[in-house]
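Take a look at the structure set out below.
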Amino acid sequence: MTITSTTTTPHPDVSPPSRIIGPDMPGEPADEREKFTRITEGYPDEEAEAARRAFLLSKLHSARTHPVGDLDDRERMVAAVAERLGLDERAKEAEEEEAGGGIGYGLLYNEGFRRALATGTSLSWDIICPDRPGGNVDSHLRVTAMNRAALGPEAFVSYYAQREPRFRLFDWARPAAPWRLDLPWSLMAPYLRSVPFHGAVRQLLGLTATTVELFPGTWRNTVHLWNSPAGRNDLAYLFDYPATLAQQIAVGYRGSWGPTIETGRPAHSGTEPMGALATSLTARNHGGIWAPWAFLGRYDSHVRTDNLGFVVEFLDPNHNFAVKS
């Protein structure tokens with residue numbers, strides 16, 4: 001039975017349907033939020049503040065060069081990101097110069113597809129994430145994505161030079177302290193698995209990022225990680241907040257990118273393959289019913305590249321790709 005939401009009645013189901021890809025048969029989810037918070041607090045990264053700043057500066061640069069919307073839209077996008085950085089108007093351009101780099105390779109959602117959500121959207125994908133980026137990477141690089149919602153969570157693999165990566169989570173719904181999870185790679189072993197694909201063995205991190213309306217005016221962000229040994233999704237993060245559908249689908253930059261390689265370096269060579277497999281999305285309608293999962297397609301998205309030295313190893317439009325330099 002379909003239950004229509006009112007000001008007092010929540011939707012019947014806030015969880016997207018479990019995704020089944022290959023041998024991954026989803027088991028009962030486990031709530032591991034306390035564990036992830038404890039690890040974040042217990043294993044701080046000395047580069048965390050620099051990584052946060054590099055992350056936001058990259059967004060500032062991408063917002064400035066985003067192809068969707070008119071000039072006024074672009075200025076509003078830039079101003080919103082600059083506000084997160086605490087920058088005034090005079091400082092913005094200088095800070096954008098500091099950002100360097102840009103989009104090494106990525107998939108932007110087409111505008112109609114980006115806005116095709118009513119009471120929820122969810123992204124499930126496997127991040128191709130080597131233990132080291134290799135090549136000449138000597139600054140920050142991220143393999144990241146969003147689920148289309150402008151106030152959704154952004155969970156990603158974060159590299160700095162040739163150090164081991166970290167798993168990080170930035171929540172666009174939080175007005176303050178949005179950097180929520182920051183986990184060392186050495187403790188991510190249950191969430192990493194190796195799969196042969198396109199002629200090579202790929203190390204993968206599987207995650208699902210969901211933004212869903214609990215009832216009118218209140219939304220929830222969640223991130224689950226696929227725990228391969230346990231055969232289940234682990235809830236890593238949850239946050240409820242006030243918002244409207246108009247805020248979630250507003251024309252602009254936030255929420256517009258699918259799987260993307262973001263980098264702070266202007267040219268790359270010798271990097272290991274990285275990218276995405278089985279990129280899938282679903283949306284929930286006004287009646288609270290989730291659509292079946294569907295692979296991200298060529299008509300849903302388009303490729304963006306800032307010509308930073310990355311070349312495509314393979315592209316199955318547009319749900320699978322790997323790039324290297």
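Residue numbering restarts at 1 in every chain; chains get A, B, ... in the order shown in the structure tokens, and ligands count up from 1 in that same order.
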### Query
Any idea what's packed within 7 Å of Tyr241 of chain A, counting only C-alpha atoms, ignoring anything in its chain fewer than 4 positions away? Could you give it as a list in words?
Thr218, Trp219 and Arg220 of chain A
### Query
Could you name the residues that touch Asn285 of chain A at 9 Å or less, counting only C-alpha atoms, but leaving out those on the same chain fewer than 3 positions away, as number ranges by chain?
A: 117-120, 288-291
Produce a file of the selected residues containing N, CA and C atoms, as a short mmCIF file (atom, residue, chain, number, x, y, z; two decimals), in the first residue's frame.
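Full text of again27.cif as output:
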```cif
data_model
loop_
_atom_site.label_atom_id
_atom_site.label_comp_id
_atom_site.auth_asym_id
_atom_site.auth_seq_id
_atom_site.Cartn_x
_atom_site.Cartn_y
_atom_site.Cartn_z
N LEU A 117 14.22 13.83 -9.09
CA LEU A 117 13.97 13.21 -7.80
C LEU A 117 12.83 13.98 -7.15
N ALA A 118 12.05 13.28 -6.36
CA ALA A 118 10.90 13.91 -5.72
C ALA A 118 11.02 13.85 -4.20
N THR A 119 11.20 12.64 -3.67
CA THR A 119 11.34 12.50 -2.22
C THR A 119 12.61 11.73 -1.85
N GLY A 120 13.47 11.47 -2.82
CA GLY A 120 14.70 10.78 -2.47
C GLY A 120 15.53 10.43 -3.69
N GLY A 288 6.49 7.88 -2.26
CA GLY A 288 7.42 7.16 -1.40
C GLY A 288 7.89 5.84 -1.96
N ILE A 289 7.75 5.63 -3.28
CA ILE A 289 8.15 4.37 -3.91
C ILE A 289 9.47 4.56 -4.63
N TRP A 290 10.41 3.67 -4.32
CA TRP A 290 11.71 3.71 -4.98
C TRP A 290 11.62 3.03 -6.36
N ALA A 291 12.25 3.63 -7.35
CA ALA A 291 12.39 3.02 -8.67
C ALA A 291 13.46 1.93 -8.61
#
```
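Computed from the coordinates, the atom CA of Leu187 of chain A to atom CA of Arg142 of chain A distance equals 18.6 Å.
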### Task
Kindly give the distance, in Å, that separates atom CA of Pro317 of chain A and atom CA of Arg298 of chain A, rounded to a single decimal.
5.3 Å
### Task
Within 12 Å of Arg132 of chain A, counting only C-alpha atoms, which residues show up once you throw out same-chain ones fewer than 6 positions away? Write them as a PyMOL selection string, please.
chain A and resi 138+141-142+157-166+185+203+270-274
### Query
Nearest to Ser194 of chain A: which of A:Ser139, A:Leu281, A:Gly206, A:Asp73 is it, counting only C-alpha atoms?
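Under the stated criterion, the closest residue is A:Gly206.
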